[in-house]
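Data block for entry13.pdb (PDB, C-alpha atoms):
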ATOM      1  CA  MET A 256       0.000   0.000   0.000
ATOM      2  CA  PRO A 257       1.344   3.432  -0.852
ATOM      3  CA  ILE A 258       2.002   5.916   1.903
ATOM      4  CA  ASN A 259      -1.247   7.694   2.650
ATOM      5  CA  VAL A 260      -1.193  11.272   3.911
ATOM      6  CA  ALA A 261      -4.124  13.268   5.302
ATOM      7  CA  VAL A 262      -4.167  16.905   4.194
ATOM      8  CA  ILE A 263      -6.430  18.612   6.724
ATOM      9  CA  THR A 264      -8.676  21.248   5.224
ATOM     10  CA  PHE A 265     -10.529  24.106   6.956
ATOM     11  CA  PRO A 266     -12.799  26.762   5.500
ATOM     12  CA  GLY A 267     -10.283  29.230   4.047
ATOM     13  CA  THR A 268      -7.420  26.771   3.534
ATOM     14  CA  ASN A 269      -6.014  27.322   0.040
ATOM     15  CA  CYS A 270      -2.843  25.257  -0.364
ATOM     16  CA  GLU A 271      -4.475  21.836   0.033
ATOM     17  CA  TYR A 272      -4.503  20.910  -3.673
ATOM     18  CA  ASP A 273      -0.884  22.025  -4.188
ATOM     19  CA  THR A 274       0.060  19.844  -1.227
ATOM     20  CA  VAL A 275      -1.867  16.812  -2.514
ATOM     21  CA  LYS A 276      -0.270  17.257  -5.957
ATOM     22  CA  ALA A 277       3.213  17.475  -4.475
ATOM     23  CA  LEU A 278       2.656  14.293  -2.465
ATOM     24  CA  GLU A 279       1.216  12.438  -5.463
ATOM     25  CA  ARG A 280       4.167  13.549  -7.569
ATOM     26  CA  ILE A 281       6.472  11.520  -5.326
ATOM     27  CA  GLY A 282       4.213   8.486  -5.409
ATOM     28  CA  TYR A 283       2.248   8.931  -2.203
ATOM     29  CA  SER A 284      -1.476   8.785  -1.866
ATOM     30  CA  ALA A 285      -2.995  11.914  -0.314
ATOM     31  CA  GLU A 286      -6.530  12.656   0.815
ATOM     32  CA  LEU A 287      -8.241  15.892   1.704
ATOM     33  CA  VAL A 288      -9.717  15.525   5.174
ATOM     34  CA  TRP A 289     -12.362  18.051   6.230
ATOM     35  CA  HIS A 290     -12.093  19.790   9.600
ATOM     36  CA  ASP A 291     -14.958  17.823  11.141
ATOM     37  CA  ALA A 292     -13.114  14.469  10.924
ATOM     38  CA  VAL A 293     -12.622  12.724  14.255
ATOM     39  CA  GLU A 294     -10.516   9.707  13.242
ATOM     40  CA  LEU A 295      -7.063   9.938  11.629
ATOM     41  CA  ASN A 296      -5.338   6.761  12.739
ATOM     42  CA  ALA A 297      -5.422   5.172   9.281
ATOM     43  CA  TYR A 298      -2.978   7.739   7.880
ATOM     44  CA  ASP A 299       0.799   7.586   7.797
ATOM     45  CA  ALA A 300       1.275  11.315   8.237
ATOM     46  CA  LEU A 301      -0.788  14.485   8.681
ATOM     47  CA  ILE A 302      -0.252  17.804   6.963
ATOM     48  CA  LEU A 303      -1.942  21.047   7.983
ATOM     49  CA  PRO A 304      -1.544  23.096   4.800
ATOM     50  CA  GLY A 305      -1.279  26.817   4.193
ATOM     51  CA  GLY A 306      -4.044  29.311   3.605
ATOM     52  CA  PHE A 307      -6.294  31.508   5.679
ATOM     53  CA  SER A 308      -8.373  29.199   7.866
ATOM     54  CA  TYR A 309     -11.504  31.032   9.026
ATOM     55  CA  GLY A 310     -10.289  34.137   7.231
ATOM     56  CA  ASP A 311      -7.457  34.551   9.756
ATOM     57  CA  TYR A 312     -10.102  36.178  11.965
ATOM     58  CA  LEU A 313      -8.898  37.089  15.456
ATOM     59  CA  ARG A 314      -5.425  35.594  14.821
ATOM     60  CA  PRO A 315      -4.232  33.084  12.211
ATOM     61  CA  GLY A 316      -5.221  29.624  13.425
ATOM     62  CA  ALA A 317      -7.085  30.902  16.491
ATOM     63  CA  ILE A 318     -10.510  29.653  15.391
ATOM     64  CA  ALA A 319      -9.373  26.537  13.488
ATOM     65  CA  ARG A 320      -7.658  25.381  16.656
ATOM     66  CA  PHE A 321     -11.069  24.500  18.130
ATOM     67  CA  SER A 322     -12.211  22.419  15.121
ATOM     68  CA  PRO A 323     -13.211  18.812  15.907
ATOM     69  CA  VAL A 324     -10.325  17.479  13.801
ATOM     70  CA  MET A 325      -7.760  19.090  16.085
ATOM     71  CA  GLN A 326      -8.555  16.592  18.827
ATOM     72  CA  ALA A 327      -7.728  13.786  16.383
ATOM     73  CA  VAL A 328      -4.579  15.628  15.244
ATOM     74  CA  GLU A 329      -3.471  15.868  18.857
ATOM     75  CA  GLU A 330      -4.111  12.155  19.488
ATOM     76  CA  PHE A 331      -2.198  11.224  16.312
ATOM     77  CA  ALA A 332       0.681  13.475  17.360
ATOM     78  CA  ARG A 333       0.743  12.199  20.954
ATOM     79  CA  SER A 334       1.030   8.644  19.639
ATOM     80  CA  GLY A 335       4.224   9.696  17.833
ATOM     81  CA  GLY A 336       2.864  10.051  14.304
ATOM     82  CA  PRO A 337       4.503  12.619  12.016
ATOM     83  CA  VAL A 338       2.607  15.910  11.757
ATOM     84  CA  LEU A 339       3.635  18.891   9.638
ATOM     85  CA  GLY A 340       2.114  22.371   9.715
ATOM     86  CA  ILE A 341       2.949  24.561   6.740
ATOM     87  CA  CYS A 342       2.486  28.348   7.050
ATOM     88  CA  ASN A 343      -1.123  28.687   8.335
ATOM     89  CA  GLY A 344      -0.706  25.107   9.558
ATOM     90  CA  PHE A 345       2.332  26.189  11.607
ATOM     91  CA  GLN A 346       0.362  29.124  13.022
ATOM     92  CA  LEU A 347      -2.411  26.681  13.909
ATOM     93  CA  LEU A 348      -0.072  24.223  15.668
ATOM     94  CA  ALA A 349       1.299  27.122  17.721
ATOM     95  CA  GLU A 350      -2.215  28.315  18.630
ATOM     96  CA  ALA A 351      -3.080  24.738  19.629
ATOM     97  CA  HIS A 352       0.013  24.610  21.887
ATOM     98  CA  LEU A 353       1.334  21.609  19.976
ATOM     99  CA  LEU A 354       4.348  23.778  19.196
ATOM    100  CA  PRO A 355       5.662  26.606  21.409
ATOM    101  CA  GLY A 356       5.700  30.312  20.559
ATOM    102  CA  ALA A 357       3.623  32.327  18.119
ATOM    103  CA  LEU A 358       3.784  33.886  14.663
ATOM    104  CA  GLN A 359       3.289  37.624  14.624
ATOM    105  CA  LYS A 360       3.173  40.213  11.848
ATOM    106  CA  ASN A 361       6.270  40.548   9.679
ATOM    107  CA  VAL A 362       8.501  43.291  11.010
ATOM    108  CA  SER A 363       8.186  45.111   7.648
ATOM    109  CA  LEU A 364       4.360  45.029   7.942
ATOM    110  CA  ARG A 365       4.363  43.716   4.370
ATOM    111  CA  PHE A 366       3.000  40.511   2.947
ATOM    112  CA  ILE A 367       6.061  38.690   1.587
ATOM    113  CA  CYS A 368       5.876  36.274  -1.334
ATOM    114  CA  ARG A 369       9.251  35.175  -2.676
ATOM    115  CA  ASP A 370      11.851  32.422  -2.667
ATOM    116  CA  VAL A 371      14.159  32.315   0.336
ATOM    117  CA  GLU A 372      17.059  30.134   1.359
ATOM    118  CA  VAL A 373      16.870  28.202   4.605
ATOM    119  CA  ARG A 374      19.509  26.092   6.312
ATOM    120  CA  VAL A 375      18.718  22.712   7.866
ATOM    121  CA  ASP A 376      19.965  23.053  11.452
ATOM    122  CA  THR A 377      18.969  19.697  12.855
ATOM    123  CA  VAL A 378      18.035  16.350  11.367
ATOM    124  CA  ARG A 379      16.427  14.930  14.494
ATOM    125  CA  SER A 380      12.878  15.753  13.425
ATOM    126  CA  SER A 381      10.185  14.216  11.278
ATOM    127  CA  LEU A 382      10.634  17.001   8.742
ATOM    128  CA  THR A 383      14.407  16.851   8.310
ATOM    129  CA  SER A 384      15.494  13.305   9.166
ATOM    130  CA  LEU A 385      16.552  12.546   5.569
ATOM    131  CA  ALA A 386      18.254  15.923   5.048
ATOM    132  CA  SER A 387      21.831  16.794   5.998
ATOM    133  CA  LYS A 388      22.716  19.255   8.724
ATOM    134  CA  GLY A 389      23.843  22.504   7.141
ATOM    135  CA  GLN A 390      22.096  21.750   3.847
ATOM    136  CA  ILE A 391      20.675  24.864   2.160
ATOM    137  CA  LEU A 392      17.169  24.619   0.683
ATOM    138  CA  SER A 393      15.445  27.071  -1.628
ATOM    139  CA  LEU A 394      11.745  27.390  -0.707
ATOM    140  CA  PRO A 395       9.087  30.057  -1.242
ATOM    141  CA  ILE A 396       7.510  31.985   1.625
ATOM    142  CA  ASN A 397       4.076  33.552   1.319
ATOM    143  CA  HIS A 398       2.913  35.198   4.520
ATOM    144  CA  PHE A 399       2.063  38.317   6.494
ATOM    145  CA  GLU A 400       2.329  36.740   9.935
ATOM    146  CA  GLY A 401       5.522  34.708   9.756
ATOM    147  CA  ASN A 402       7.610  36.478  12.355
ATOM    148  CA  TYR A 403       8.314  33.724  14.872
ATOM    149  CA  THR A 404       8.501  34.796  18.489
ATOM    150  CA  CYS A 405       8.617  33.148  21.898
ATOM    151  CA  ASP A 406       9.794  34.005  25.399
ATOM    152  CA  ASP A 407      13.511  33.809  26.270
ATOM    153  CA  ALA A 408      13.137  30.591  28.267
ATOM    154  CA  THR A 409      11.436  28.835  25.341
ATOM    155  CA  LEU A 410      14.051  30.140  22.899
ATOM    156  CA  LYS A 411      16.815  28.782  25.115
ATOM    157  CA  ILE A 412      15.162  25.351  25.193
ATOM    158  CA  LEU A 413      14.602  25.345  21.408
ATOM    159  CA  GLU A 414      18.271  26.130  20.797
ATOM    160  CA  GLU A 415      19.729  23.828  23.454
ATOM    161  CA  ASP A 416      17.565  20.879  22.445
ATOM    162  CA  GLU A 417      18.245  21.489  18.742
ATOM    163  CA  ARG A 418      14.607  22.002  17.897
ATOM    164  CA  VAL A 419      15.180  24.749  15.326
ATOM    165  CA  LEU A 420      14.857  22.773  12.093
ATOM    166  CA  LEU A 421      15.146  25.487   9.497
ATOM    167  CA  ARG A 422      16.750  28.911   9.742
ATOM    168  CA  TYR A 423      16.560  31.716   7.184
ATOM    169  CA  ILE A 424      19.907  32.641   5.642
ATOM    170  CA  ASP A 425      18.675  36.216   5.169
ATOM    171  CA  ASN A 426      15.900  36.806   7.732
ATOM    172  CA  PRO A 427      12.918  38.111   5.710
ATOM    173  CA  ASN A 428      10.354  38.724   8.464
ATOM    174  CA  GLY A 429      12.059  39.509  11.763
ATOM    175  CA  SER A 430      11.784  36.018  13.264
ATOM    176  CA  VAL A 431      13.778  35.621  16.458
ATOM    177  CA  HIS A 432      17.104  33.844  15.703
ATOM    178  CA  SER A 433      15.964  33.707  12.033
ATOM    179  CA  ILE A 434      13.724  30.737  12.859
ATOM    180  CA  ALA A 435      11.790  29.356   9.868
ATOM    181  CA  GLY A 436      10.728  26.028  11.385
ATOM    182  CA  ILE A 437      10.704  24.211  14.719
ATOM    183  CA  CYS A 438       9.619  20.892  16.202
ATOM    184  CA  ASN A 439       8.232  19.624  19.495
ATOM    185  CA  GLU A 440      10.368  17.940  22.135
ATOM    186  CA  GLU A 441       9.908  14.464  20.630
ATOM    187  CA  GLY A 442      10.584  15.705  17.087
ATOM    188  CA  ASN A 443       7.490  14.265  15.402
ATOM    189  CA  ILE A 444       5.473  17.519  15.226
ATOM    190  CA  ALA A 445       7.042  20.095  12.921
ATOM    191  CA  GLY A 446       5.998  23.550  11.771
ATOM    192  CA  MET A 447       7.520  25.705   9.060
ATOM    193  CA  MET A 448       6.614  28.989   7.371
ATOM    194  CA  PRO A 449       8.082  28.253   3.885
ATOM    195  CA  HIS A 450       6.004  26.181   1.452
ATOM    196  CA  PRO A 451       7.651  22.861   0.479
ATOM    197  CA  GLU A 452       4.712  21.992  -1.809
ATOM    198  CA  ARG A 453       5.624  24.986  -3.958
ATOM    199  CA  ALA A 454       9.129  23.608  -4.355
ATOM    200  CA  SER A 455       8.218  20.140  -5.595
ATOM    201  CA  ASP A 456       8.711  20.337  -9.366
ATOM    202  CA  GLU A 457      11.373  21.670 -11.737
ATOM    203  CA  LEU A 458       8.711  23.861 -13.297
ATOM    204  CA  LEU A 459       8.253  25.597  -9.946
ATOM    205  CA  GLY A 460      11.942  26.513  -9.790
ATOM    206  CA  SER A 461      12.945  24.186  -6.952
ATOM    207  CA  THR A 462      12.430  20.576  -5.907
ATOM    208  CA  ASP A 463      13.912  21.016  -2.436
ATOM    209  CA  GLY A 464      10.524  20.536  -0.793
ATOM    210  CA  ILE A 465      10.404  16.884  -1.844
ATOM    211  CA  LEU A 466      13.192  15.974   0.562
ATOM    212  CA  LEU A 467      11.107  17.338   3.433
ATOM    213  CA  PHE A 468       7.979  15.387   2.437
ATOM    214  CA  ARG A 469      10.100  12.231   2.078
ATOM    215  CA  SER A 470      11.563  12.794   5.532
ATOM    216  CA  LEU A 471       8.081  13.235   6.967
ATOM    217  CA  CYS A 472       6.689  10.058   5.423
ATOM    218  CA  GLU A 473       9.689   7.735   5.108
ATOM    219  CA  GLY A 474      12.200   9.078   7.638
ATOM    220  CA  LYS A 475      12.948   8.367  11.253
ATOM    221  CA  PHE A 476       9.466   9.189  12.517
ATOM    222  CA  SER A 477       7.473   7.420   9.804
ATOM    223  CA  ARG A 478       4.875   4.893  10.861
TER     224      ARG A 478
ATOM    225  CA  MET B 150     -29.289  40.843  32.651
ATOM    226  CA  LEU B 151     -27.284  41.900  29.652
ATOM    227  CA  TYR B 152     -23.907  43.512  30.256
ATOM    228  CA  GLU B 153     -21.600  45.196  27.804
ATOM    229  CA  LEU B 154     -17.919  44.470  28.212
ATOM    230  CA  SER B 155     -14.806  45.542  26.466
ATOM    231  CA  VAL B 156     -11.728  43.363  25.970
ATOM    232  CA  GLU B 157      -8.634  45.388  25.165
ATOM    233  CA  ILE B 158      -5.879  43.295  23.591
ATOM    234  CA  MET B 159      -2.384  44.773  23.409
ATOM    235  CA  PRO B 160       1.019  43.389  22.414
ATOM    236  CA  LYS B 161       2.804  41.973  25.440
ATOM    237  CA  PRO B 162       5.689  44.125  26.711
ATOM    238  CA  GLY B 163       8.850  43.073  24.908
ATOM    239  CA  ILE B 164       6.946  41.830  21.862
ATOM    240  CA  ALA B 165       7.689  43.865  18.750
ATOM    241  CA  ASP B 166       4.859  46.178  17.699
ATOM    242  CA  PRO B 167       5.843  47.163  14.145
ATOM    243  CA  GLU B 168       2.493  48.870  13.575
ATOM    244  CA  GLY B 169       2.972  51.093  16.636
ATOM    245  CA  ALA B 170       6.547  51.889  15.589
ATOM    246  CA  THR B 171       5.420  52.845  12.075
ATOM    247  CA  ILE B 172       2.673  55.136  13.386
ATOM    248  CA  LEU B 173       5.162  56.750  15.781
ATOM    249  CA  ARG B 174       7.480  57.540  12.845
ATOM    250  CA  ALA B 175       4.568  58.973  10.855
ATOM    251  CA  LEU B 176       3.514  61.160  13.799
ATOM    252  CA  HIS B 177       7.075  62.464  14.126
ATOM    253  CA  ALA B 178       7.166  63.158  10.384
ATOM    254  CA  LEU B 179       4.022  65.268  10.847
ATOM    255  CA  GLY B 180       5.684  67.276  13.582
ATOM    256  CA  PHE B 181       4.092  65.590  16.595
ATOM    257  CA  ASP B 182       7.450  65.264  18.329
ATOM    258  CA  VAL B 183       5.661  65.176  21.683
ATOM    259  CA  THR B 184       4.722  61.550  21.007
ATOM    260  CA  LYS B 185       7.085  59.208  22.791
ATOM    261  CA  ARG B 186       5.429  55.852  22.275
ATOM    262  CA  VAL B 187       2.603  54.317  20.248
ATOM    263  CA  ALA B 188       1.142  50.867  20.894
ATOM    264  CA  VAL B 189      -1.488  49.312  18.650
ATOM    265  CA  GLY B 190      -3.923  46.654  19.760
ATOM    266  CA  LYS B 191      -7.557  45.824  19.295
ATOM    267  CA  VAL B 192     -10.820  46.098  21.206
ATOM    268  CA  ILE B 193     -13.455  43.387  21.246
ATOM    269  CA  LYS B 194     -16.893  44.415  22.530
ATOM    270  CA  LEU B 195     -19.037  41.741  24.110
ATOM    271  CA  GLN B 196     -22.627  41.584  25.270
ATOM    272  CA  VAL B 197     -22.884  38.952  27.974
ATOM    273  CA  GLU B 198     -25.949  37.588  29.725
ATOM    274  CA  ALA B 199     -25.231  37.230  33.456
ATOM    275  CA  ASP B 200     -26.816  37.704  36.890
ATOM    276  CA  THR B 201     -24.192  40.158  38.115
ATOM    277  CA  GLY B 202     -21.458  42.346  36.664
ATOM    278  CA  GLU B 203     -18.901  40.234  38.487
ATOM    279  CA  GLU B 204     -20.209  37.102  36.789
ATOM    280  CA  ALA B 205     -20.113  38.825  33.373
ATOM    281  CA  LEU B 206     -16.522  39.911  34.017
ATOM    282  CA  GLN B 207     -15.498  36.401  34.992
ATOM    283  CA  ALA B 208     -17.034  34.970  31.833
ATOM    284  CA  ALA B 209     -15.221  37.529  29.676
ATOM    285  CA  GLU B 210     -11.914  36.852  31.474
ATOM    286  CA  SER B 211     -12.334  33.195  30.699
ATOM    287  CA  MET B 212     -13.112  33.948  27.016
ATOM    288  CA  ALA B 213     -10.011  36.117  26.804
ATOM    289  CA  ALA B 214      -7.826  33.380  28.284
ATOM    290  CA  LYS B 215      -9.227  30.634  26.079
ATOM    291  CA  LEU B 216      -9.700  32.343  22.718
ATOM    292  CA  LEU B 217      -9.628  36.120  22.445
ATOM    293  CA  ALA B 218      -5.945  36.703  23.247
ATOM    294  CA  ASN B 219      -2.794  34.661  22.735
ATOM    295  CA  PRO B 220      -0.808  34.973  25.997
ATOM    296  CA  VAL B 221       2.461  34.304  24.155
ATOM    297  CA  ILE B 222       2.259  37.660  22.395
ATOM    298  CA  GLU B 223      -0.712  39.544  23.846
ATOM    299  CA  VAL B 224      -2.142  40.879  27.094
ATOM    300  CA  ALA B 225      -5.908  41.169  27.526
ATOM    301  CA  ARG B 226      -7.688  43.590  29.843
ATOM    302  CA  VAL B 227     -11.380  43.072  30.403
ATOM    303  CA  SER B 228     -13.631  45.861  31.645
ATOM    304  CA  LEU B 229     -17.311  46.322  32.272
ATOM    305  CA  VAL B 230     -18.678  49.138  30.101
ATOM    306  CA  GLN B 231     -22.364  49.149  30.934
ATOM    307  CA  GLU B 232     -25.095  47.016  32.439
ATOM    308  CA  HIS B 233     -28.750  46.639  31.449
ATOM    309  CA  VAL B 234     -27.896  47.274  27.814
ATOM    310  CA  ALA B 235     -30.612  46.828  25.228
ATOM    311  CA  SER B 236     -29.626  44.035  22.887
ATOM    312  CA  THR B 237     -28.580  45.287  19.460
ATOM    313  CA  ASP B 238     -29.636  42.077  17.693
TER     314      ASP B 238
END
The structure in this file should be written as structure tokens.
Amino acid sequence: MPINVAVITFPGTNCEYDTVKALERIGYSAELVWHDAVELNAYDALILPGGFSYGDYLRPGAIARFSPVMQAVEEFARSGGPVLGICNGFQLLAEAHLLPGALQKNVSLRFICRDVEVRVDTVRSSLTSLASKGQILSLPINHFEGNYTCDDATLKILEEDERVLLRYIDNPNGSVHSIAGICNEEGNIAGMMPHPERASDELLGSTDGILLFRSLCEGKFSR
Amino acid sequence: MLYELSVEIMPKPGIADPEGATILRALHALGFDVTKRVAVGKVIKLQVEADTGEEALQAAESMAAKLLANPVIEVARVSLVQEHVASTD
């Protein structure tokens, strides 16, 4: 059976089809799962894709966090399954306290949509287990609230425990310590602001995102 | 009884407030040099059904903690604006 990934969809999500396409391109099966789903155990990995769930009302991810599916996401994650939040999905995982910190407005107060370079800083996570430490990836960002922040104690823990997965080479949004992606203590839950699904085909200008999807589904934390 | 409450949500001290900083620069450019600091937040107005003002305040505090503000980056301050309001529905 091919690897089967759930791409969780909320009202206002808009990167779900790009994500499904990217996964199918590397031979995986991917299904859109609506936000009222309560059972996710049949899947090999979960992806919370980018977009504007619930119109980003209140704060990005603040409303989606209370969707029925989030209970199932939490159970899947607590059992060690690989979970990836991309952009709005990262914001949502932070709102749900599955990842520490928060994403605030870019320091420039501008929506940024362009390719950036990020460095893989640790390979002990579901997202990066097949990458090499120090490897540079070219991935697009597309966000207004991508400026990662957390308190000093949390930042110290993230750095000491090597939980910063991806770091911007040239910090585009003001993120503390140029953080582009982090993981939880166990390493199975990962969140990143850049969009790997938009770097999954030569036609898109980069295929660096494929390595991250492969890590998620076939790497150290795969089921 | 219906109470009107206001939840003021501001960036937590130490959290960057680029919007406030930009407005401060604009005010200085307009000659308002007297301005020393600008902070930008938001206000959420609530109408809450409760027996007492205290009960309404407690409910709003709980809403702020659970949903309205993110304590990682924001501070919420709840206040009672008015009691016996006529519903605007």
**Interface, chain B side, toward chain A (7 Å; only C-alpha atoms) as JSON, numbers by chain** = {"B": [167, 216, 221, 222]}
*asked:* Selection in question (the file shown): the PyMOL selection byres ((chain B and resi 188-197) around 6). Which residues does it include, as an MDAnalysis selection string?
replied: chainID B and resid 151:159 169 187 198
As lines of an AutoDock Vina configuration file, what would the box around region 180-189 of chain B look like: edges along x, y and z, 6 Å added on every side, centre and edge lengths in Å to one decimal?
center_x = 3.0
center_y = 58.3
center_z = 18.2
size_x = 20.9
size_y = 30.0
size_z = 21.2
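Note that the spacing between CA of Thr274 (chain A) and CA of Phe307 (chain A) amounts to 15.0 Å.
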Students should find that CA of Tyr298 (chain A) and CA of Asn269 (chain A) are spaced 21.3 Å
Pairwise distance, CA of Ala199 (chain B) with CA of Gly316 (chain A), equals 29.3 Å
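Closest approach to Leu466 (chain A) among A:Ala351, A:Val328, A:Ile437, A:Leu278: A:Leu278, based on all atoms listed in the file.
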Query - Residues matched by the PyMOL selection byres ((chain A and resi 299-301) around 9) as a PyMOL selection string - result: chain A and resi 258-263+295-298+302-303+328+331-332+336-340+471-472+477-478
Go through the shown structure with the PyMOL selection byres ((chain A and resi 323) around 10) and write out the matching residues as an MDAnalysis selection string. chainID A and resid 289:294 319:322 324:328
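With all atoms listed in the file as the atoms that count, the residue of A:Cys438, A:Met256, A:Leu353, A:Ile281 with the shortest distance to Ser384 (chain A) is A:Cys438.
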ask   = Which neighbours of region 451-460 of chain A fall inside 9 Å, counting only C-alpha atoms, when residues of the same chain fewer than 4 positions from it are skipped, and could you give them as a list in words?
value = Cys270, Asp273, Thr274, Val275, Lys276, Ala277, Leu278, Arg280, Ile281, Ile341, Ser393, Leu394, Pro395, Gly464, Ile465, Leu466, Leu467 and Phe468 of chain A
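Closest approach to Gly163 (chain B) among A:Glu372, A:Asn443, A:Phe345, A:Asp407 is made by A:Asp407 (distances from all atoms listed in the file).
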